[in-house]
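This is run.cif. It holds mmCIF, C-alpha atoms and all ligand atoms.
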data_entry
#
loop_
_atom_site.label_atom_id
_atom_site.label_comp_id
_atom_site.auth_asym_id
_atom_site.auth_seq_id
_atom_site.Cartn_x
_atom_site.Cartn_y
_atom_site.Cartn_z
CA MET I 241 -3.49 -3.38 3.87
CA PRO I 242 -3.24 -1.74 7.27
CA GLU I 243 -0.31 -3.10 9.27
CA LEU I 244 0.88 -2.56 12.83
CA PRO I 245 1.71 1.19 12.48
CA GLU I 246 -1.66 1.97 10.89
CA VAL I 247 -3.56 -0.03 13.51
CA GLU I 248 -1.52 1.55 16.31
CA ASN I 249 -2.23 5.06 15.01
CA THR I 250 -5.91 4.17 14.84
CA ARG I 251 -5.76 2.82 18.42
CA ARG I 252 -4.06 5.93 19.80
CA PHE I 253 -6.67 8.11 18.19
CA LEU I 254 -9.52 5.99 19.56
CA VAL I 255 -8.26 5.63 23.15
CA PRO I 256 -9.68 8.98 24.35
CA VAL I 257 -12.91 8.31 22.45
CA LEU I 258 -13.56 4.75 23.61
CA GLU I 259 -11.74 4.03 26.87
CA GLY I 260 -14.16 4.42 29.77
CA SER I 261 -17.07 5.04 27.40
CA VAL I 262 -20.31 3.10 27.23
CA ILE I 263 -21.25 1.73 23.83
CA ARG I 264 -24.90 2.71 23.76
CA ASP I 265 -25.74 0.82 20.61
CA ALA I 266 -24.10 -0.92 17.67
CA GLU I 267 -25.29 -1.48 14.12
CA VAL I 268 -23.92 -4.21 11.87
CA ARG I 269 -25.19 -3.40 8.40
CA ARG I 270 -23.25 -6.10 6.54
CA GLN I 271 -23.59 -9.41 8.34
CA ARG I 272 -20.36 -10.58 6.77
CA MET I 273 -18.52 -8.09 8.99
CA ALA I 274 -19.67 -10.10 12.04
CA ARG I 275 -18.75 -13.48 10.55
CA ARG I 276 -16.29 -14.39 13.33
CA ASN I 277 -19.16 -14.62 15.80
CA LEU I 278 -21.25 -17.78 15.66
CA ARG I 279 -24.33 -15.58 15.54
CA PRO I 280 -23.84 -12.18 13.86
CA ASP I 281 -26.47 -10.77 16.21
CA ASP I 282 -24.12 -11.44 19.11
CA VAL I 283 -22.05 -8.41 18.09
CA PRO I 284 -24.68 -5.71 18.71
CA GLU I 285 -26.33 -7.63 21.55
CA ARG I 286 -23.09 -8.05 23.47
CA LEU I 287 -21.94 -4.47 22.89
CA ARG I 288 -25.13 -2.69 23.79
CA GLY I 289 -24.86 -0.79 27.10
CA ARG I 290 -21.39 -2.11 27.87
CA ARG I 291 -18.42 -0.01 28.97
CA LEU I 292 -15.12 -0.38 27.13
CA GLU I 293 -12.43 -0.38 29.77
CA ARG I 294 -9.23 -0.55 27.75
CA LEU I 295 -8.31 -0.47 24.08
CA GLY I 296 -5.23 -2.54 23.30
CA ARG I 297 -3.67 -4.06 20.23
CA HIS I 298 -1.94 -7.27 19.28
CA GLY I 299 -0.31 -7.24 15.85
CA LYS I 300 -2.94 -5.98 13.43
CA PHE I 301 -5.86 -6.66 15.82
CA LEU I 302 -7.51 -3.99 17.95
CA LEU I 303 -8.65 -5.50 21.23
CA GLY I 304 -11.19 -3.70 23.39
CA GLU I 305 -11.63 -5.06 26.90
CA LEU I 306 -15.30 -4.76 27.75
CA GLU I 307 -17.07 -5.11 31.08
CA ARG I 308 -17.72 -8.67 32.17
CA ASP I 309 -14.76 -10.23 30.36
CA LEU I 310 -15.88 -9.77 26.78
CA THR I 311 -13.38 -8.70 24.12
CA LEU I 312 -14.21 -6.47 21.19
CA VAL I 313 -11.97 -7.54 18.30
CA VAL I 314 -11.54 -5.35 15.21
CA HIS I 315 -9.42 -6.30 12.21
CA LEU I 316 -9.21 -3.82 9.36
CA GLY I 317 -8.64 -6.50 6.71
CA MET I 318 -7.47 -5.28 3.31
CA SER I 319 -9.17 -1.92 3.05
CA GLY I 320 -10.87 -1.14 6.35
CA ARG I 321 -10.51 2.00 8.46
CA LEU I 322 -12.24 3.47 11.46
CA ARG I 323 -13.73 6.92 11.38
CA VAL I 324 -14.82 9.02 14.36
CA ALA I 325 -17.73 11.33 13.63
CA ARG I 326 -20.65 13.10 15.25
CA ALA I 327 -24.10 11.61 14.81
CA GLY I 328 -25.72 13.17 11.76
CA GLU I 329 -22.46 13.91 9.94
CA PRO I 330 -22.53 12.51 6.40
CA GLU I 331 -21.30 8.94 6.20
CA ASP I 332 -18.55 7.68 3.95
CA PRO I 333 -19.63 4.99 1.46
CA HIS I 334 -19.19 1.43 2.79
CA THR I 335 -19.83 2.35 6.42
CA ASN I 336 -20.68 -1.21 7.44
CA VAL I 337 -20.56 -1.08 11.24
CA VAL I 338 -21.39 1.84 13.53
CA LEU I 339 -20.72 2.03 17.28
CA HIS I 340 -22.75 4.68 19.05
CA VAL I 341 -20.75 5.89 22.03
CA ASP I 342 -21.58 8.21 24.97
CA GLY I 343 -22.91 11.56 23.82
CA ASP I 344 -23.33 11.79 20.06
CA THR I 345 -20.03 10.25 19.02
CA GLU I 346 -19.94 7.47 16.46
CA VAL I 347 -17.10 5.12 15.58
CA ARG I 348 -17.71 4.01 12.01
CA PHE I 349 -16.06 1.02 10.37
CA VAL I 350 -15.64 1.77 6.68
CA ASP I 351 -14.62 -1.26 4.62
CA PRO I 352 -15.37 -1.45 0.87
CA ARG I 353 -14.06 -4.99 0.44
CA THR I 354 -15.40 -6.41 3.74
CA PHE I 355 -12.29 -8.47 4.43
CA GLY I 356 -12.21 -6.77 7.82
CA PHE I 357 -14.38 -7.86 10.71
CA VAL I 358 -15.68 -6.96 14.13
CA ALA I 359 -16.27 -9.62 16.77
CA VAL I 360 -17.27 -9.71 20.43
CA LEU I 361 -15.88 -12.80 22.11
CA THR I 362 -16.22 -14.53 25.46
CA PRO I 363 -12.95 -15.76 27.05
CA ASP I 364 -13.60 -19.28 25.72
CA GLU I 365 -14.36 -18.05 22.22
CA ARG I 366 -11.24 -15.89 22.28
CA ALA I 367 -9.12 -18.87 23.35
CA ASP I 368 -10.53 -20.87 20.43
CA SER I 369 -9.98 -18.09 17.88
CA SER I 370 -7.02 -17.37 15.63
CA LEU I 371 -5.95 -14.75 18.20
CA SER I 372 -4.47 -17.46 20.37
CA ALA I 373 -2.17 -18.56 17.53
CA LEU I 374 -0.58 -15.12 17.11
CA GLY I 375 3.10 -14.74 17.79
CA PRO I 376 4.47 -11.94 19.97
CA ASP I 377 3.61 -8.38 19.00
CA ALA I 378 6.42 -7.00 16.84
CA LEU I 379 6.51 -3.68 18.70
CA LEU I 380 5.47 -4.41 22.30
CA ASP I 381 7.43 -7.64 22.48
CA PRO I 382 10.09 -7.34 19.76
CA PRO I 383 12.10 -10.47 19.01
CA ARG I 384 15.61 -11.07 20.25
CA PRO I 385 18.15 -12.43 17.76
CA GLU I 386 18.31 -15.81 19.53
CA THR I 387 14.54 -16.31 19.57
CA LEU I 388 14.13 -15.20 15.95
CA GLY I 389 17.04 -17.44 14.99
CA ALA I 390 15.36 -20.38 16.72
CA ARG I 391 12.12 -19.75 14.82
CA PHE I 392 13.98 -19.45 11.51
CA ALA I 393 16.31 -22.42 12.10
CA GLY I 394 16.13 -25.03 9.35
CA ARG I 395 13.53 -23.06 7.43
CA ALA I 396 13.98 -23.00 3.65
CA ALA I 397 11.16 -20.48 3.23
CA ALA I 398 12.14 -16.96 2.19
CA VAL I 399 12.78 -14.64 5.12
CA LYS I 400 10.12 -12.34 3.67
CA ALA I 401 7.53 -15.11 4.04
CA LEU I 402 8.62 -15.80 7.61
CA LEU I 403 8.35 -12.11 8.55
CA LEU I 404 4.79 -12.11 7.19
CA ASP I 405 3.85 -15.22 9.21
CA GLN I 406 1.76 -13.81 12.06
CA ARG I 407 2.36 -16.96 14.14
CA ILE I 408 6.08 -16.13 14.29
CA LEU I 409 5.77 -12.38 14.73
CA SER I 410 2.57 -10.39 14.79
CA GLY I 411 2.14 -7.06 13.03
CA LEU I 412 4.30 -6.93 9.90
CA GLY I 413 2.66 -6.94 6.49
CA ASN I 414 3.97 -6.46 2.98
CA ILE I 415 5.03 -2.82 3.28
CA TYR I 416 6.88 -2.95 6.58
CA ALA I 417 8.45 -6.36 5.89
CA ASP I 418 10.12 -4.85 2.80
CA GLU I 419 11.21 -1.81 4.81
CA VAL I 420 12.61 -3.91 7.66
CA LEU I 421 14.61 -6.09 5.25
CA HIS I 422 15.98 -3.03 3.47
CA ARG I 423 17.04 -1.40 6.72
CA ALA I 424 18.66 -4.64 7.88
CA ARG I 425 20.35 -5.18 4.47
CA VAL I 426 18.86 -8.66 4.17
CA ASN I 427 17.67 -9.96 0.81
CA PRO I 428 14.00 -10.98 1.04
CA THR I 429 14.50 -14.21 -0.93
CA ARG I 430 17.10 -15.61 1.47
CA PRO I 431 16.04 -18.85 3.18
CA GLY I 432 15.19 -17.99 6.78
CA GLY I 433 17.52 -20.67 8.09
CA SER I 434 20.53 -19.21 6.24
CA LEU I 435 20.68 -15.90 8.12
CA SER I 436 23.88 -15.24 10.08
CA PRO I 437 23.80 -14.09 13.72
CA ALA I 438 24.81 -10.61 12.51
CA GLU I 439 21.90 -10.55 10.07
CA LEU I 440 19.47 -11.72 12.76
CA ARG I 441 20.73 -8.92 15.01
CA ALA I 442 20.26 -6.39 12.19
CA LEU I 443 16.70 -7.65 11.61
CA CYS I 444 15.85 -7.42 15.30
CA GLU I 445 17.11 -3.84 15.41
CA ALA I 446 15.28 -2.92 12.22
CA ILE I 447 11.85 -4.30 13.21
CA PRO I 448 11.00 -1.89 16.06
CA ALA I 449 12.91 0.98 14.43
CA VAL I 450 10.89 0.78 11.21
CA LEU I 451 7.59 0.30 13.04
CA GLU I 452 8.24 3.28 15.34
CA ASP I 453 9.14 5.40 12.31
CA GLY I 454 5.91 4.38 10.61
CA ILE I 455 3.87 5.18 13.72
CA ARG I 456 5.56 8.55 14.17
CA HIS I 457 4.51 9.60 10.67
CA GLY I 458 0.93 8.45 10.98
CA GLY I 459 1.34 5.19 9.05
CA THR I 460 1.30 4.66 5.30
CA SER I 461 -1.62 5.86 3.22
CA LEU I 462 -1.12 4.54 -0.31
CA ASP I 463 -2.50 6.32 -3.35
CA ASP I 464 -5.86 4.53 -2.95
CA LEU I 465 -6.30 6.24 0.47
CA ALA I 466 -7.88 3.05 1.80
CA TYR I 467 -6.14 3.74 5.10
CA LEU I 468 -6.79 7.09 6.77
CA LEU I 469 -6.57 8.22 10.38
CA PRO I 470 -9.93 8.29 12.19
CA ASP I 471 -10.19 12.06 11.63
CA GLY I 472 -9.82 11.60 7.86
CA ARG I 473 -6.17 12.67 7.57
CA ALA I 474 -3.78 10.55 5.51
CA GLY I 475 -0.71 8.95 7.09
CA GLU I 476 2.53 10.45 5.83
CA TYR I 477 4.96 7.55 5.81
CA LEU I 478 4.55 6.89 2.07
CA GLY I 479 7.13 9.55 1.18
CA ARG I 480 9.62 8.01 3.62
CA LEU I 481 9.52 4.44 2.33
CA ALA I 482 12.95 3.23 1.23
CA ALA I 483 12.00 0.13 -0.78
CA TYR I 484 8.30 -0.72 -0.87
CA GLY I 485 6.59 0.42 -4.07
CA ARG I 486 9.76 2.15 -5.32
CA THR I 487 10.62 -0.10 -8.27
CA GLY I 488 13.17 1.66 -10.52
CA LEU I 489 13.68 4.54 -8.08
CA ALA I 490 17.01 5.13 -6.35
CA CYS I 491 17.81 3.29 -3.14
CA PRO I 492 18.08 6.12 -0.58
CA ARG I 493 21.26 4.53 0.80
CA CYS I 494 23.29 3.76 -2.34
CA GLY I 495 21.36 5.12 -5.34
CA THR I 496 20.91 1.76 -7.09
CA PRO I 497 17.44 1.31 -8.64
CA ILE I 498 15.11 -0.73 -6.43
CA VAL I 499 14.01 -4.03 -8.00
CA ARG I 500 10.74 -5.89 -7.61
CA ALA I 501 9.75 -9.55 -7.77
CA VAL I 502 7.02 -11.75 -6.38
CA VAL I 503 8.25 -13.49 -3.22
CA ALA I 504 5.94 -15.58 -1.05
CA GLN I 505 3.15 -14.59 -3.48
CA ARG I 506 3.61 -10.95 -2.51
CA SER I 507 5.04 -8.05 -4.45
CA THR I 508 8.49 -7.52 -2.93
CA HIS I 509 10.97 -4.66 -3.33
CA TRP I 510 14.66 -4.48 -2.49
CA CYS I 511 18.01 -2.94 -3.34
CA PRO I 512 20.19 -5.44 -5.23
CA VAL I 513 23.38 -3.83 -3.88
CA CYS I 514 22.48 -3.21 -0.21
CA GLN I 515 20.61 -6.52 -0.03
CA PRO I 516 22.67 -9.01 -2.08
CA SER I 517 21.06 -12.38 -2.72
CA ALA I 518 24.19 -14.54 -2.38
CA ILE I 519 23.88 -16.81 0.61
CA GLY I 520 26.65 -16.29 3.07
CA MET I 521 27.03 -12.54 2.74
CA GLY I 522 28.06 -11.65 6.24
CA GLY I 523 28.57 -15.34 7.03
CA ALA I 524 25.89 -18.05 6.95
CA ALA I 525 24.58 -19.27 10.27
ZN ZN S 601 21.02 0.31 -1.80
#
Spit out the file's structure as structure tokens when you get a sec.
Amino acid sequence: MPELPEVENTRRFLVPVLEGSVIRDAEVRRQRMARRNLRPDDVPERLRGRRLERLGRHGKFLLGELERDLTLVVHLGMSGRLRVARAGEPEDPHTNVVLHVDGDTEVRFVDPRTFGFVAVLTPDERADSSLSALGPDALLDPPRPETLGARFAGRAAAVKALLLDQRILSGLGNIYADEVLHRARVNPTRPGGSLSPAELRALCEAIPAVLEDGIRHGGTSLDDLAYLLPDGRAGEYLGRLAAYGRTGLACPRCGTPIVRAVVAQRSTHWCPVCQPSAIGMGGAA
């Protein structure tokens, strides 16, 4: 599933294509992709002829500021990606939404599983949407140890689950949560409320560091190649992962085989030596 680094790489690629451009037309070929609008037809009707002024991002959401206070929202879901192409170039299978931009450029939303969506929202609709419940962006507004500690205080839930909770912090998914915890030497099963101040500091240092690393290497394209950059290239962070998906392989820090278990209903990977499970390692809060 695309996470913050994949969405940010997509955004950076699309900025020169979309910012300042007029969306001449838009096609929604699978109505499900427009399900966040009350009327699916609102998506093409509201986009047609409108200039996109700025392309931003919050967590895993791309946010395009359109003329007259509308917001274009794109979420890549489980398997979505955006592709920039010239009109007439062959389409990838599962091209479900197409934006026709100035000239003959197309921005194509490819999503086999259709868990992703595209929406065009008025300010009131945006305020009523799940966007307003998102926590601070993990990269643009990274947490401080005190604020993260306050959010985790008294929580018995695994720290992995809390890092995945987009209302606490927006942008981390399964891959980067495992990587952050490995870098910070925190065991993913630890109750959030049991983390020491030193561990909270380590987490807060690891979050932007891991995300910036992921962005620098184009994000993580897994073997299924569901995520690709908009020009079709694969992200190259897969070979740099320390924990995620590396069950039985050596921890790059200490050589111990990485272990895997299901935590918070998600496949979770960690080093049993660098990330010991005993509560109180480093001093409980
Ligand atoms: Zn290790």
Taking only residues of chain I that have an atom at most 10 Å from an atom of ligand ZN 601 (chain S), what is each one's shortest atom pair and its distance in Å to one decimal, using only C-alpha atoms and all ligand atoms, in chain and number order, as a Markdown table?
| residue | atom | partner | partner_atom | distance |
| --- | --- | --- | --- | --- |
| I:His422 | CA | S:ZN601 | ZN | 8.0 |
| I:Arg423 | CA | S:ZN601 | ZN | 9.6 |
| I:Arg425 | CA | S:ZN601 | ZN | 8.4 |
| I:Ala482 | CA | S:ZN601 | ZN | 9.1 |
| I:Ala483 | CA | S:ZN601 | ZN | 9.1 |
| I:Ala490 | CA | S:ZN601 | ZN | 7.7 |
| I:Cys491 | CA | S:ZN601 | ZN | 4.6 |
| I:Pro492 | CA | S:ZN601 | ZN | 6.6 |
| I:Arg493 | CA | S:ZN601 | ZN | 5.0 |
| I:Cys494 | CA | S:ZN601 | ZN | 4.2 |
| I:Gly495 | CA | S:ZN601 | ZN | 6.0 |
| I:Thr496 | CA | S:ZN601 | ZN | 5.5 |
| I:Pro497 | CA | S:ZN601 | ZN | 7.8 |
| I:Ile498 | CA | S:ZN601 | ZN | 7.6 |
| I:Trp510 | CA | S:ZN601 | ZN | 8.0 |
| I:Cys511 | CA | S:ZN601 | ZN | 4.7 |
| I:Pro512 | CA | S:ZN601 | ZN | 6.7 |
| I:Val513 | CA | S:ZN601 | ZN | 5.2 |
| I:Cys514 | CA | S:ZN601 | ZN | 4.1 |
| I:Gln515 | CA | S:ZN601 | ZN | 7.1 |
| I:Pro516 | CA | S:ZN601 | ZN | 9.5 |
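Closest approach to I:Glu243 among I:Pro470, I:Gly433, I:Gly413, I:Gly454: I:Gly413, based on all atoms listed in the file.
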Shell of 12 Å around I:Glu329, all atoms listed in the file, local chain residues under 2 positions omitted, as an NGL selection string: :I and (323-327 or 331-332 or 344-348)
Two-atom distance - atom CA of I:Leu371, atom CA of I:Pro431 (Å): 26.9 Å
Best match for closeness to I:Asp381 among I:Arg272, I:His298, I:Arg480, I:Arg486, counting only C-alpha atoms: I:His298
Contact residues around stretch 312-320 of chain I with all atoms listed in the file at 9 Å, ignoring same-chain residues under 3 positions, as a VMD selection string: chain I and resid 241 to 243 247 283 287 292 295 300 to 306 349 to 361 466 to 467
Selection as a VMD selection string: residues within 8 Å of (-21.9, -7.7, 15.6), counting only C-alpha atoms: chain I and resid 266 to 268 271 273 to 274 277 280 to 287 358 to 360
Straight-line distance linking atom CA of I:Leu440 with atom CA of I:Ala393, stated in Å to one decimal: 11.2 Å
